[in-house]
Amino acid sequence: MGRRGKSTAALLMLLLVAIVSGGGHFGRHAVGAPAAQKKMSSKQRARAKVLYANNCARCHGSDGRGETMMGRAYAAPNFTDAGWWKKERPTVQRLTTSIREGRGQHRMPAFGEQLSKSEIAALAALVRTFKGK
């Protein structure tokens with residue numbers, strides 16, 4: 001990717017971070033937030049899907065259901081299950097923290113040192129799109 005492409009990608013990721021962390025209704029609506037999904041451009045969504053495939057799908061599955069060998073071994077949540085969303089009420093902030101810091105001693109690893117803040121924000125926004133599928 002050339003210098004201009006990197007600048008454009010960085011700008012798009014910064015925009016996503018601003019949308020996700022910029023207050024407004026994103027932090028207050030713990031469940032759903034369809035507006036957050038509409039704000040993610042097709043390029044942002046495509047990049048988030050690549051990040052998800054490379055870092056998350058081995059446990060959470062490409063469809064977010066957690067029906068993989070690793071997902072079953074570590075009890076990965078089913079991101080498409082409305083009951084999970086109702087019970088856990090995962091805000092964007094909570095999802096971001098889970099991705100950055102990990103969950104549980106032997107469960108989800110921390111990605112805070114491998115992924116940038118904008119990449120983590122993109123993954124959190126993508127996970128929210130699994131709700132209701």
# chains A, B, ... in the order shown; residues from 1 in each chain; ligands from 1
>>> residues_around(residues="Asp81 (chain A)", least_positions_apart="6", cutoff="9 Å", atoms="only C-alpha atoms", output="ChimeraX atom specification")
/A:65,130-133
>>> write_last_selection(atoms="N, CA and C atoms", output="PDB file, in the first residue's frame")
ATOM      1  N   ARG A  65     -20.882 -17.214  15.826  1.00  0.00           N
ATOM      2  CA  ARG A  65     -21.633 -18.145  16.673  1.00  0.00           C
ATOM      3  C   ARG A  65     -20.772 -18.903  17.690  1.00  0.00           C
ATOM      4  N   PHE A 130     -23.205  -8.537  14.571  1.00  0.00           N
ATOM      5  CA  PHE A 130     -23.649  -9.931  14.623  1.00  0.00           C
ATOM      6  C   PHE A 130     -25.006 -10.077  15.311  1.00  0.00           C
ATOM      7  N   LYS A 131     -25.358  -9.107  16.152  1.00  0.00           N
ATOM      8  CA  LYS A 131     -26.610  -9.193  16.899  1.00  0.00           C
ATOM      9  C   LYS A 131     -27.800  -9.306  15.945  1.00  0.00           C
ATOM     10  N   GLY A 132     -28.627 -10.293  16.183  1.00  0.00           N
ATOM     11  CA  GLY A 132     -29.848 -10.450  15.419  1.00  0.00           C
ATOM     12  C   GLY A 132     -29.701 -11.199  14.117  1.00  0.00           C
ATOM     13  N   LYS A 133     -28.539 -11.776  13.855  1.00  0.00           N
ATOM     14  CA  LYS A 133     -28.351 -12.531  12.609  1.00  0.00           C
ATOM     15  C   LYS A 133     -28.749 -13.963  12.780  1.00  0.00           C
TER      16      LYS A 133
END
>>> residues_around(residues="Glu67 (chain A)", least_positions_apart="2", cutoff="12 Å", atoms="only C-alpha atoms", output="list in words")
Ala57, Arg58, Cys59, His60, Gly61, Ser62, Asp63, Gly64, Arg65, Met69, Met70, Gly71, Arg72, Ala73, Tyr74, Ala75, Ala76, Pro77, Asn78, Phe79 and Thr80 of chain A
>>> atom_distance(atom1="CA of Ile99 (chain A)", atom2="CA of Arg128 (chain A)")
13.0 Å
>>> closest_residue(among="A:Thr68, A:Thr129, A:Asn55, A:Ser41", to="Leu115 (chain A)", atoms="only C-alpha atoms")
A:Asn55
>>> atom_distance(atom1="CA of Leu95 (chain A)", atom2="CA of Tyr52 (chain A)")
13.3 Å
>>> residues_around(residues="Arg100 (chain A)", least_positions_apart="2", cutoff="7 Å", atoms="only C-alpha atoms", output="VMD selection string")
chain A and resid 96 to 98 102 110 to 112 120
>>> atom_distance(atom1="CA of Ala122 (chain A)", atom2="CA of Arg47 (chain A)")
8.1 Å
>>> select_by_dssp(residues="region 25-127 of chain A", states="helix (DSSP H, G or I)", output="NGL selection string")
:A and (34-39 or 42-55 or 57-60 or 69-73 or 82-88 or 92-101 or 117-127)
